$ cat query02.csv   # CSV, C-alpha atoms
chain,number,residue,atom,x,y,z
B,1,MET,CA,30.4,-118.3,45.5
B,2,LEU,CA,30.9,-119.9,42.1
B,3,ARG,CA,28.2,-122.4,42.9
B,4,LEU,CA,25.8,-119.6,43.8
B,5,PHE,CA,26.6,-117.8,40.5
B,6,TYR,CA,26.2,-121.1,38.6
B,7,ARG,CA,22.8,-121.6,40.2
B,8,SER,CA,21.8,-118.1,39.1
B,9,VAL,CA,22.9,-118.9,35.6
B,10,LEU,CA,20.8,-122.1,35.6
B,11,ARG,CA,17.8,-120.2,37.0
B,12,ALA,CA,18.0,-117.8,34.1
B,13,HIS,CA,17.6,-120.6,31.6
B,14,PRO,CA,14.2,-121.2,29.9
B,15,VAL,CA,11.7,-122.8,32.2
B,16,TYR,CA,11.4,-126.1,30.3
B,17,PHE,CA,15.1,-126.6,30.0
B,18,ARG,CA,15.7,-125.6,33.6
B,19,ARG,CA,13.1,-128.0,35.0
B,20,ARG,CA,14.5,-130.9,33.0
B,21,PHE,CA,18.3,-130.4,33.4
B,22,ALA,CA,19.2,-127.8,36.0
B,23,GLU,CA,19.5,-130.3,38.8
B,24,GLU,CA,21.6,-132.6,36.8
B,25,MET,CA,23.9,-129.7,35.7
B,26,LEU,CA,24.3,-128.7,39.3
B,27,SER,CA,25.1,-132.2,40.2
B,28,ILE,CA,27.8,-132.2,37.6
B,29,PHE,CA,29.1,-128.9,39.0
B,30,ASP,CA,29.3,-130.5,42.4
B,31,GLN,CA,31.6,-133.1,40.9
B,32,ALA,CA,34.2,-130.4,39.9
B,33,GLU,CA,37.4,-131.1,41.8
B,34,THR,CA,39.3,-127.9,41.2
B,35,PRO,CA,38.3,-124.2,41.1
B,36,ILE,CA,39.5,-124.1,37.4
B,37,ALA,CA,37.1,-126.9,36.5
B,38,ALA,CA,34.3,-125.1,38.3
B,39,ALA,CA,35.1,-121.9,36.5
B,40,GLU,CA,35.0,-123.8,33.2
B,41,LEU,CA,31.6,-125.1,34.1
B,42,VAL,CA,30.3,-121.6,34.9
B,43,LEU,CA,31.6,-120.4,31.5
B,44,ASP,CA,29.9,-123.4,29.9
B,45,GLY,CA,26.7,-122.5,31.8
B,46,VAL,CA,26.8,-118.9,30.5
B,47,VAL,CA,27.3,-120.1,26.9
B,48,SER,CA,24.4,-122.5,27.4
B,49,LEU,CA,22.2,-119.7,28.7
B,50,PHE,CA,22.9,-117.7,25.6
B,51,ARG,CA,22.3,-120.6,23.3
B,52,GLN,CA,19.0,-121.6,24.9
B,53,ARG,CA,17.7,-118.0,25.1
B,54,VAL,CA,18.8,-117.1,21.5
B,55,PHE,CA,18.8,-120.2,19.4
B,56,ARG,CA,16.3,-122.5,21.1
B,57,PRO,CA,13.0,-120.7,21.3
B,58,GLU,CA,11.2,-123.9,20.5
B,59,PHE,CA,12.3,-125.4,23.8
B,60,GLY,CA,11.3,-122.5,25.9
B,61,GLU,CA,7.9,-123.9,26.7
B,62,GLU,CA,6.5,-127.2,27.7
B,63,PRO,CA,5.6,-129.4,24.7
B,64,ARG,CA,1.8,-129.6,24.1
B,65,VAL,CA,0.0,-132.7,25.2
B,66,GLU,CA,-1.6,-134.7,22.4
B,67,MET,CA,-5.4,-134.3,22.6
B,68,PRO,CA,-7.5,-137.4,22.4
B,69,ALA,CA,-9.3,-137.9,19.1
B,70,ASP,CA,-12.7,-138.9,20.7
B,71,GLY,CA,-13.8,-135.3,20.7
B,72,ALA,CA,-14.0,-135.1,24.5
B,73,PRO,CA,-12.4,-132.0,25.8
B,74,LEU,CA,-9.3,-132.6,27.9
B,75,PHE,CA,-8.1,-130.0,30.4
B,76,SER,CA,-4.8,-130.7,31.8
B,77,THR,CA,-1.6,-128.8,32.5
B,78,PHE,CA,1.8,-129.6,33.7
B,79,GLU,CA,2.1,-126.2,35.3
B,80,SER,CA,1.3,-125.9,39.0
B,81,PRO,CA,-1.4,-123.4,39.7
B,82,ARG,CA,0.6,-122.1,42.7
B,83,PRO,CA,3.0,-119.3,42.0
B,84,GLY,CA,6.7,-120.2,42.3
B,85,THR,CA,9.0,-118.8,45.0
B,86,GLY,CA,10.8,-116.7,42.5
B,87,ALA,CA,7.6,-115.2,41.2
B,88,LEU,CA,6.6,-114.3,44.8
B,89,ILE,CA,9.9,-112.7,45.5
B,90,TYR,CA,9.9,-110.7,42.2
B,91,GLY,CA,6.3,-109.7,42.9
B,92,ALA,CA,7.1,-108.5,46.3
B,93,LEU,CA,10.1,-106.5,45.0
B,94,LEU,CA,8.0,-105.0,42.3
B,95,SER,CA,5.3,-104.0,44.7
B,96,LEU,CA,7.8,-102.3,47.0
B,97,LEU,CA,9.2,-100.4,44.0
B,98,VAL,CA,5.8,-99.2,42.9
B,99,LEU,CA,4.8,-98.3,46.4
B,100,ASN,CA,8.0,-96.3,46.9
B,101,GLY,CA,7.4,-94.5,43.6
B,102,ILE,CA,3.8,-93.6,44.6
B,103,CYS,CA,4.9,-92.4,48.0
B,104,TRP,CA,7.8,-90.4,46.5
B,105,THR,CA,5.4,-88.8,44.0
B,106,MET,CA,2.9,-87.9,46.7
B,107,GLY,CA,5.5,-86.5,49.0
B,108,TYR,CA,6.9,-84.3,46.2
B,109,ALA,CA,3.4,-83.1,45.4
B,110,TRP,CA,2.6,-82.3,49.0
B,111,ASN,CA,5.8,-80.3,49.4
B,112,HIS,CA,5.4,-78.4,46.2
B,113,PRO,CA,4.5,-74.7,46.7
B,114,SER,CA,1.8,-74.7,44.1
B,115,PHE,CA,0.0,-77.4,46.1
B,116,VAL,CA,0.2,-75.6,49.4
B,117,TRP,CA,-1.1,-72.3,48.1
B,118,ILE,CA,-4.6,-73.8,47.4
B,119,GLN,CA,-7.1,-71.5,49.1
B,120,GLN,CA,-9.2,-73.0,51.8
B,121,PRO,CA,-12.8,-71.8,52.4
B,122,VAL,CA,-13.0,-69.3,55.2
B,123,ILE,CA,-15.1,-70.4,58.1
B,124,ARG,CA,-17.3,-67.6,59.3
B,125,PRO,CA,-19.0,-67.8,62.6
B,126,PRO,CA,-22.7,-66.9,62.8
B,127,ALA,CA,-23.5,-63.3,62.9
B,128,ALA,CA,-25.2,-63.7,66.3
B,129,TRP,CA,-21.7,-64.3,67.7
B,130,HIS,CA,-20.8,-60.7,66.8
B,131,LYS,CA,-23.5,-59.3,69.0
B,132,LYS,CA,-22.4,-57.3,71.9
B,133,PRO,CA,-22.5,-59.1,75.2
B,134,PRO,CA,-25.1,-57.6,77.6
B,135,ASP,CA,-22.6,-57.0,80.3
B,136,THR,CA,-20.2,-55.0,78.2
B,137,PRO,CA,-22.0,-51.8,77.4
B,138,GLY,CA,-20.7,-50.3,74.1
B,139,GLY,CA,-18.6,-53.5,74.0
B,140,SER,CA,-15.4,-52.7,72.2
B,141,ALA,CA,-14.4,-56.3,71.8
B,142,VAL,CA,-16.1,-59.6,71.2
B,143,PRO,CA,-15.0,-62.0,73.9
B,144,GLU,CA,-12.6,-64.6,72.7
B,145,GLN,CA,-14.0,-68.0,73.4
B,146,PRO,CA,-13.3,-71.6,72.3
B,147,LEU,CA,-15.3,-72.3,69.2
B,148,PHE,CA,-14.9,-76.1,69.1
B,149,THR,CA,-13.3,-78.5,71.4
B,150,ASP,CA,-12.0,-81.7,70.0
B,151,GLU,CA,-10.3,-84.0,72.4
B,152,GLY,CA,-8.4,-81.3,74.1
B,153,ARG,CA,-7.6,-79.3,71.1
B,154,VAL,CA,-9.0,-75.8,71.3
B,155,LEU,CA,-10.0,-74.0,68.1
B,156,LEU,CA,-9.9,-70.4,68.8
B,157,VAL,CA,-11.6,-67.5,67.1
B,158,PHE,CA,-9.3,-64.6,66.3
B,159,ASN,CA,-11.2,-61.4,65.7
B,160,SER,CA,-9.9,-58.7,63.5
B,161,GLY,CA,-9.8,-55.2,64.7
B,162,ALA,CA,-12.8,-54.2,62.6
B,163,SER,CA,-14.9,-56.8,64.4
B,164,HIS,CA,-14.8,-54.7,67.4
B,165,THR,CA,-17.4,-52.4,65.9
B,166,SER,CA,-20.9,-52.6,67.1
B,167,ASP,CA,-22.3,-53.3,63.6
B,168,PRO,CA,-21.9,-57.0,62.8
B,169,GLY,CA,-22.9,-56.3,59.2
B,170,THR,CA,-19.8,-54.3,58.5
B,171,ALA,CA,-17.5,-56.7,60.3
B,172,PRO,CA,-14.9,-58.4,58.1
B,173,PRO,CA,-14.9,-62.2,58.1
B,174,THR,CA,-13.7,-63.7,61.2
B,175,THR,CA,-11.6,-66.8,60.7
B,176,ALA,CA,-11.4,-69.9,62.8
B,177,LYS,CA,-7.8,-70.8,63.4
B,178,GLN,CA,-6.3,-74.0,64.7
B,179,ALA,CA,-3.4,-73.8,67.1
B,180,MET,CA,0.1,-74.1,65.5
B,181,PRO,CA,1.7,-77.4,66.5
B,182,GLY,CA,3.7,-76.8,69.6
B,183,VAL,CA,2.5,-73.3,69.9
B,184,ALA,CA,0.1,-72.1,72.6
B,185,PRO,CA,-1.5,-69.1,70.8
B,186,ARG,CA,-2.8,-66.3,73.0
B,187,ALA,CA,-6.4,-65.6,72.4
B,188,ASP,CA,-6.1,-61.8,72.6
B,189,SER,CA,-5.3,-60.3,69.3
B,190,ALA,CA,-4.1,-57.1,71.0
B,191,LEU,CA,-0.8,-58.6,72.0
B,192,ASP,CA,1.6,-55.8,72.7
B,193,LEU,CA,4.9,-56.2,70.9
B,194,ARG,CA,7.9,-53.9,71.4
B,195,PRO,CA,7.9,-51.1,68.8
B,196,ASP,CA,11.0,-52.3,67.2
B,197,VAL,CA,9.8,-55.9,66.7
B,198,LEU,CA,7.5,-55.5,63.7
B,199,PRO,CA,9.9,-53.5,61.5
B,200,SER,CA,12.5,-56.3,62.0
B,201,TYR,CA,10.2,-58.7,60.2
B,202,VAL,CA,9.6,-56.4,57.2
B,203,GLY,CA,11.3,-57.6,54.0
B,204,ARG,CA,11.2,-60.0,51.1
B,205,TYR,CA,11.5,-63.7,51.6
B,206,ARG,CA,12.1,-66.4,49.0
B,207,VAL,CA,10.4,-69.8,49.1
B,208,ASP,CA,12.8,-72.8,49.0
B,209,ALA,CA,11.9,-73.7,45.5
B,210,GLY,CA,12.6,-70.2,44.4
B,211,LYS,CA,9.5,-69.9,42.4
B,212,SER,CA,7.7,-67.3,44.5
B,213,ASP,CA,8.5,-64.5,46.9
B,214,VAL,CA,6.8,-63.6,50.1
B,215,LYS,CA,6.6,-59.9,51.0
B,216,VAL,CA,6.1,-58.8,54.5
B,217,THR,CA,5.2,-55.1,55.1
B,218,VAL,CA,4.0,-53.1,58.1
B,219,GLU,CA,0.9,-50.9,58.0
B,220,GLY,CA,0.3,-48.9,61.0
B,221,GLU,CA,0.8,-51.3,63.9
B,222,GLN,CA,0.1,-54.4,62.0
B,223,LEU,CA,2.1,-56.7,59.7
B,224,ARG,CA,0.8,-57.7,56.3
B,225,ILE,CA,1.9,-60.6,54.2
B,226,ASP,CA,1.7,-60.9,50.4
B,227,ALA,CA,2.5,-64.4,49.3
B,228,GLY,CA,1.2,-64.0,45.7
B,229,GLN,CA,-1.6,-66.5,46.1
B,230,PHE,CA,-2.9,-64.8,49.2
B,231,LYS,CA,-2.6,-61.5,51.1
B,232,SER,CA,-3.4,-61.2,54.7
B,233,ARG,CA,-3.0,-59.2,57.9
B,234,LEU,CA,-0.9,-60.9,60.5
B,235,VAL,CA,-2.1,-61.1,64.1
B,236,PRO,CA,0.6,-61.8,66.7
B,237,VAL,CA,0.2,-64.7,69.0
B,238,SER,CA,3.7,-64.4,70.4
B,239,GLU,CA,6.7,-62.2,69.6
B,240,ASN,CA,7.6,-64.2,66.5
B,241,GLN,CA,4.5,-66.1,65.7
B,242,PHE,CA,1.5,-64.7,63.8
B,243,VAL,CA,-1.8,-65.9,62.5
B,244,ALA,CA,-3.0,-64.9,59.0
B,245,ALA,CA,-6.3,-63.2,59.8
B,246,ASP,CA,-7.7,-63.5,56.3
B,247,VAL,CA,-6.7,-67.0,55.4
B,248,ALA,CA,-7.9,-70.2,57.0
B,249,ASP,CA,-5.5,-72.4,58.9
B,250,CYS,CA,-2.4,-70.4,58.2
B,251,GLN,CA,0.3,-69.4,60.7
B,252,ILE,CA,3.5,-67.6,60.2
B,253,GLU,CA,6.6,-67.9,62.3
B,254,PHE,CA,9.7,-65.8,62.0
B,255,ALA,CA,13.1,-67.1,63.0
B,256,ARG,CA,16.3,-65.4,63.8
B,257,GLY,CA,19.8,-66.5,62.9
B,258,SER,CA,22.9,-66.6,65.0
B,259,SER,CA,23.4,-62.9,64.5
B,260,GLY,CA,20.0,-62.2,66.0
B,261,ALA,CA,18.6,-60.9,62.7
B,262,VAL,CA,15.5,-62.3,61.2
B,263,ASP,CA,16.6,-64.6,58.4
B,264,ARG,CA,13.6,-66.7,57.5
B,265,LEU,CA,10.0,-67.3,58.0
B,266,GLU,CA,7.9,-70.5,58.1
B,267,ILE,CA,4.4,-70.7,56.8
B,268,HIS,CA,2.3,-73.4,58.5
B,269,LYS,CA,-0.7,-74.2,56.4
B,270,ASP,CA,-2.9,-77.2,56.2
B,271,GLY,CA,-0.5,-79.2,58.2
B,272,HIS,CA,2.5,-78.4,55.8
B,273,ARG,CA,5.4,-76.2,56.4
B,274,ILE,CA,7.0,-73.9,53.9
B,275,THR,CA,10.3,-72.1,54.6
B,276,ALA,CA,11.2,-68.9,53.0
B,277,LEU,CA,14.6,-67.3,53.3
B,278,ARG,CA,15.0,-63.6,53.7
B,279,GLN,CA,16.5,-61.8,50.6
S,1,MET,CA,7.9,-150.3,7.6
S,2,LYS,CA,11.4,-149.1,7.9
S,3,GLU,CA,11.9,-145.5,8.8
S,4,ASP,CA,13.9,-143.3,6.6
S,5,LEU,CA,17.0,-142.3,8.5
S,6,ASN,CA,18.6,-140.0,6.0
S,7,PRO,CA,17.0,-136.8,7.6
S,8,PHE,CA,19.0,-137.6,10.7
S,9,LEU,CA,22.3,-137.8,8.9
S,10,PRO,CA,25.0,-136.7,9.1
S,11,LEU,CA,25.4,-136.4,12.9
S,12,SER,CA,27.3,-133.6,14.5
S,13,PRO,CA,30.4,-134.6,16.5
S,14,ALA,CA,28.6,-134.0,19.8
S,15,THR,CA,25.6,-136.1,18.8
S,16,LEU,CA,27.7,-138.9,17.5
S,17,HIS,CA,29.7,-139.1,20.7
S,18,ILE,CA,26.6,-139.0,22.9
S,19,LEU,CA,24.9,-141.8,20.9
S,20,LEU,CA,28.2,-143.8,20.9
S,21,SER,CA,28.5,-143.5,24.7
S,22,LEU,CA,24.9,-144.6,25.1
S,23,ALA,CA,25.3,-147.5,22.7
S,24,GLY,CA,26.9,-149.7,25.4
S,25,GLU,CA,24.9,-149.0,28.5
S,26,GLU,CA,22.4,-146.6,30.2
S,27,LEU,CA,24.2,-143.6,31.6
S,28,HIS,CA,23.5,-140.4,33.4
S,29,GLY,CA,24.8,-137.0,32.2
S,30,TYR,CA,28.0,-137.1,34.1
S,31,GLY,CA,28.6,-140.6,32.9
S,32,ILE,CA,28.1,-139.6,29.3
S,33,MET,CA,30.6,-136.8,29.7
S,34,GLN,CA,33.2,-139.1,31.1
S,35,GLU,CA,32.5,-141.8,28.5
S,36,VAL,CA,32.9,-139.2,25.7
S,37,GLN,CA,36.2,-138.1,27.1
S,38,ARG,CA,37.4,-141.7,27.4
S,39,GLN,CA,36.3,-142.5,23.8
S,40,SER,CA,38.1,-139.5,22.4
S,41,GLU,CA,41.1,-140.1,24.6
S,42,GLY,CA,40.6,-136.7,26.1
S,43,LYS,CA,40.6,-134.8,22.8
S,44,TYR,CA,36.9,-134.0,22.9
S,45,LYS,CA,35.5,-132.5,26.0
S,46,LEU,CA,31.8,-132.1,26.3
S,47,GLY,CA,30.4,-129.5,28.7
S,48,PRO,CA,27.1,-129.9,30.5
S,49,GLY,CA,25.6,-127.1,28.5
S,50,THR,CA,26.4,-128.7,25.2
S,51,LEU,CA,25.5,-132.2,26.5
S,52,TYR,CA,22.0,-131.3,27.7
S,53,ASP,CA,21.3,-129.1,24.7
S,54,ASN,CA,22.0,-132.1,22.5
S,55,LEU,CA,20.2,-134.5,24.8
S,56,GLN,CA,17.1,-132.3,24.6
S,57,LYS,CA,17.1,-132.4,20.9
S,58,LEU,CA,17.8,-136.2,20.8
S,59,ILE,CA,14.9,-136.8,23.2
S,60,GLU,CA,12.7,-134.6,21.1
S,61,ARG,CA,13.6,-136.6,18.0
S,62,ARG,CA,13.1,-139.8,19.9
S,63,LEU,CA,16.7,-141.0,19.4
S,64,VAL,CA,17.3,-141.1,23.2
S,65,GLU,CA,14.9,-142.1,26.0
S,66,GLU,CA,14.9,-140.7,29.4
S,67,LEU,CA,14.7,-143.3,32.2
S,68,GLY,CA,14.4,-141.1,35.2
S,69,ARG,CA,16.2,-141.1,38.5
S,70,ARG,CA,17.5,-144.0,40.5
S,71,PRO,CA,17.2,-143.7,44.2
S,72,GLU,CA,20.1,-146.1,44.8
S,73,ASP,CA,22.4,-143.9,42.8
S,74,GLU,CA,25.1,-142.0,44.9
S,75,ASP,CA,23.6,-138.7,43.6
S,76,PRO,CA,19.7,-139.0,43.4
S,77,ARG,CA,19.6,-135.9,41.2
S,78,ARG,CA,21.0,-137.8,38.3
S,79,ARG,CA,18.7,-139.1,35.5
S,80,TYR,CA,19.6,-142.0,33.3
S,81,TYR,CA,19.3,-142.1,29.5
S,82,ARG,CA,19.5,-144.8,27.0
S,83,LEU,CA,19.6,-145.2,23.2
S,84,SER,CA,16.2,-145.9,21.6
S,85,PRO,CA,15.8,-148.4,18.8
S,86,LEU,CA,15.5,-145.5,16.4
S,87,GLY,CA,18.7,-143.9,17.9
S,88,ARG,CA,20.5,-147.2,17.5
S,89,GLY,CA,19.4,-147.4,13.9
S,90,VAL,CA,20.6,-143.8,13.2
S,91,LEU,CA,23.9,-144.5,14.9
S,92,SER,CA,24.4,-147.6,12.8
S,93,ALA,CA,23.6,-145.6,9.6
S,94,GLU,CA,26.0,-142.9,10.7
S,95,ILE,CA,28.8,-145.5,11.4
S,96,ALA,CA,28.1,-147.1,8.0
S,97,ARG,CA,28.3,-143.6,6.3
S,98,LEU,CA,31.5,-142.9,8.1
S,99,ASP,CA,32.8,-146.3,7.2
S,100,ASP,CA,32.2,-145.4,3.5
S,101,VAL,CA,33.9,-142.1,4.0
S,102,VAL,CA,36.9,-143.7,5.7
S,103,ARG,CA,37.2,-146.4,3.0
S,104,GLU,CA,36.9,-143.8,0.2
S,105,GLY,CA,39.4,-141.6,1.9
S,106,LYS,CA,41.9,-144.4,2.3
S,107,LEU,CA,41.4,-145.3,-1.4
S,108,ARG,CA,42.0,-141.8,-2.5
S,109,LEU,CA,45.0,-141.3,-0.3
S,110,GLN,CA,46.6,-144.6,-1.6
S,111,THR,CA,46.2,-143.5,-5.2
S,112,LYS,CA,49.4,-142.1,-6.7
S,113,PRO,CA,49.1,-138.5,-7.7
S,114,ARG,CA,49.1,-138.0,-11.5
S,115,ARG,CA,52.0,-136.5,-13.1
S,116,ALA,CA,51.5,-133.3,-15.1

$ encode --input "query02.csv" --output "structure tokens"
Amino acid sequence: MLRLFYRSVLRAHPVYFRRRFAEEMLSIFDQAETPIAAAELVLDGVVSLFRQRVFRPEFGEEPRVEMPADGAPLFSTFESPRPGTGALIYGALLSLLVLNGICWTMGYAWNHPSFVWIQQPVIRPPAAWHKKPPDTPGGSAVPEQPLFTDEGRVLLVFNSGASHTSDPGTAPPTTAKQAMPGVAPRADSALDLRPDVLPSYVGRYRVDAGKSDVKVTVEGEQLRIDAGQFKSRLVPVSENQFVAADVADCQIEFARGSSGAVDRLEIHKDGHRITALRQ
Amino acid sequence: MKEDLNPFLPLSPATLHILLSLAGEELHGYGIMQEVQRQSEGKYKLGPGTLYDNLQKLIERRLVEELGRRPEDEDPRRRYYRLSPLGRGVLSAEIARLDDVVREGKLRLQTKPRRA
């Protein structure tokens, strides 16, 4: 242990001194017969380190080689061009620290509410898709169909109630939604929920960071969400899972506590999850 | 042309002991430490930090020459050092100076103190 510490002290000496004398000093340390003698040598090494670092700056570097007087340029160095083992270890540690710092900063930014609330462009399907199908006279609903298929993932079109009208020009924008992870959304927006379900979700929820509130209200037979940065109707895909009809790629999930009461909601948006606790 | 040795004088105790130990033979660092301890009868103990700090300066001022390692030595990490001709001259000048100091000191101490 003492030898390891003594080696560390020697390694901390200026390069020139270390290269010339460190091995010999370690050799002398190995001659120490008692622990007390070894401890004295360690103390001597610490004093030497202080002396060399503070009072011997002139010996910190290799002495310059005398240049020949014939005018011919001479390029020579005593230093090896290869980095030393210590430099490689310190470099690796420094790289890890910097990488960790960058990852931590990016993770903090991704989880910050102000980052999540960035509005995404709403994808609107072509107007032709709103045309009534020929076999549904006076068609009251546009058939739900897969919009894109990407390796088994189905992107569904959720139509708002207004899109049931026969005039596509007055139809509100229809939004393409991606399925919530682990959720199999039902394509029909007219999911029948028990009458007492929607009121149980109404209330004010506070985001984890406490910087913004999310307000859930009910209008008629539909929930509405007001998150400050966006407002939207909520279309049920299951009893406790909803899709924000007016915002792209945004799903809401309500969760109940042990008492059975709704105590929080989770907003899934752009692959991130924001939890808000009920106030 | 004889070099002026006065800038080297006086020598510090550590430098004097190192030059004295190298005056007899070529030694490695550990040998110098042991020789210094023997010369001073154990009263002056030189640590490796002080030893190599002084050796560095003595080599820089060309008073001591480094001879390198000897494979046949019991510890191949050791390097040997010897006194250079300049170092020998400086040591001689320091001994002569100390000799004068000792003689003057003895003379002064033998003189009877004046009565007031």

$ atom_distance --input "query02.csv" --atom1 "atom CA of Leu9 of chain S" --atom2 "atom CA of Arg79 of chain S"
26.9 Å

$ interface_residues --input "query02.csv" --of "chain S" --to "chain B" --cutoff "8 Å" --atoms "all atoms listed in the file" --output "list in words"
Gly29, Tyr30, Gly47, Pro48, Gly49, Thr50, Tyr52, Asp53, Asp75, Arg77, Arg78 and Arg79 of chain S

$ atom_distance --input "query02.csv" --atom1 "atom CA of Ala23 of chain S" --atom2 "atom CA of Leu98 of chain S"
16.5 Å

$ atom_distance --input "query02.csv" --atom1 "atom CA of Ile274 of chain B" --atom2 "atom CA of Leu193 of chain B"
24.6 Å

$ closest_residue --input "query02.csv" --among "B:Ser232, B:Ala12, B:Pro35, B:Arg264" --to "Arg53 of chain B" --atoms "all atoms listed in the file"
B:Ala12

$ residues_around --input "query02.csv" --residues "segment 80-95 of chain S" --least-positions-apart "3" --cutoff "6 Å" --atoms "only C-alpha atoms" --output "list in words"
Leu22, Glu26, Leu27, His28, Leu63, Val64, Glu65, Glu66, Leu67, Gly68, Leu98 and Asp99 of chain S

$ closest_residue --input "query02.csv" --among "B:Thr217, B:Gly86, B:Gly260, B:Glu266" --to "Arg11 of chain B" --atoms "only C-alpha atoms"
B:Gly86

$ residues_around --input "query02.csv" --residues "Tyr44 of chain S" --least-positions-apart "6" --cutoff "10 Å" --atoms "all atoms listed in the file" --output "PyMOL selection string"
chain S and resi 13-14+17+33+36-38

$ residues_near_point --input "query02.csv" --point "(5.2, -65.4, 67.6)" --cutoff "7 Å" --atoms "all atoms listed in the file" --output "list in words"
Pro236, Val237, Ser238, Glu239, Asn240, Gln241, Phe242 and Glu253 of chain B
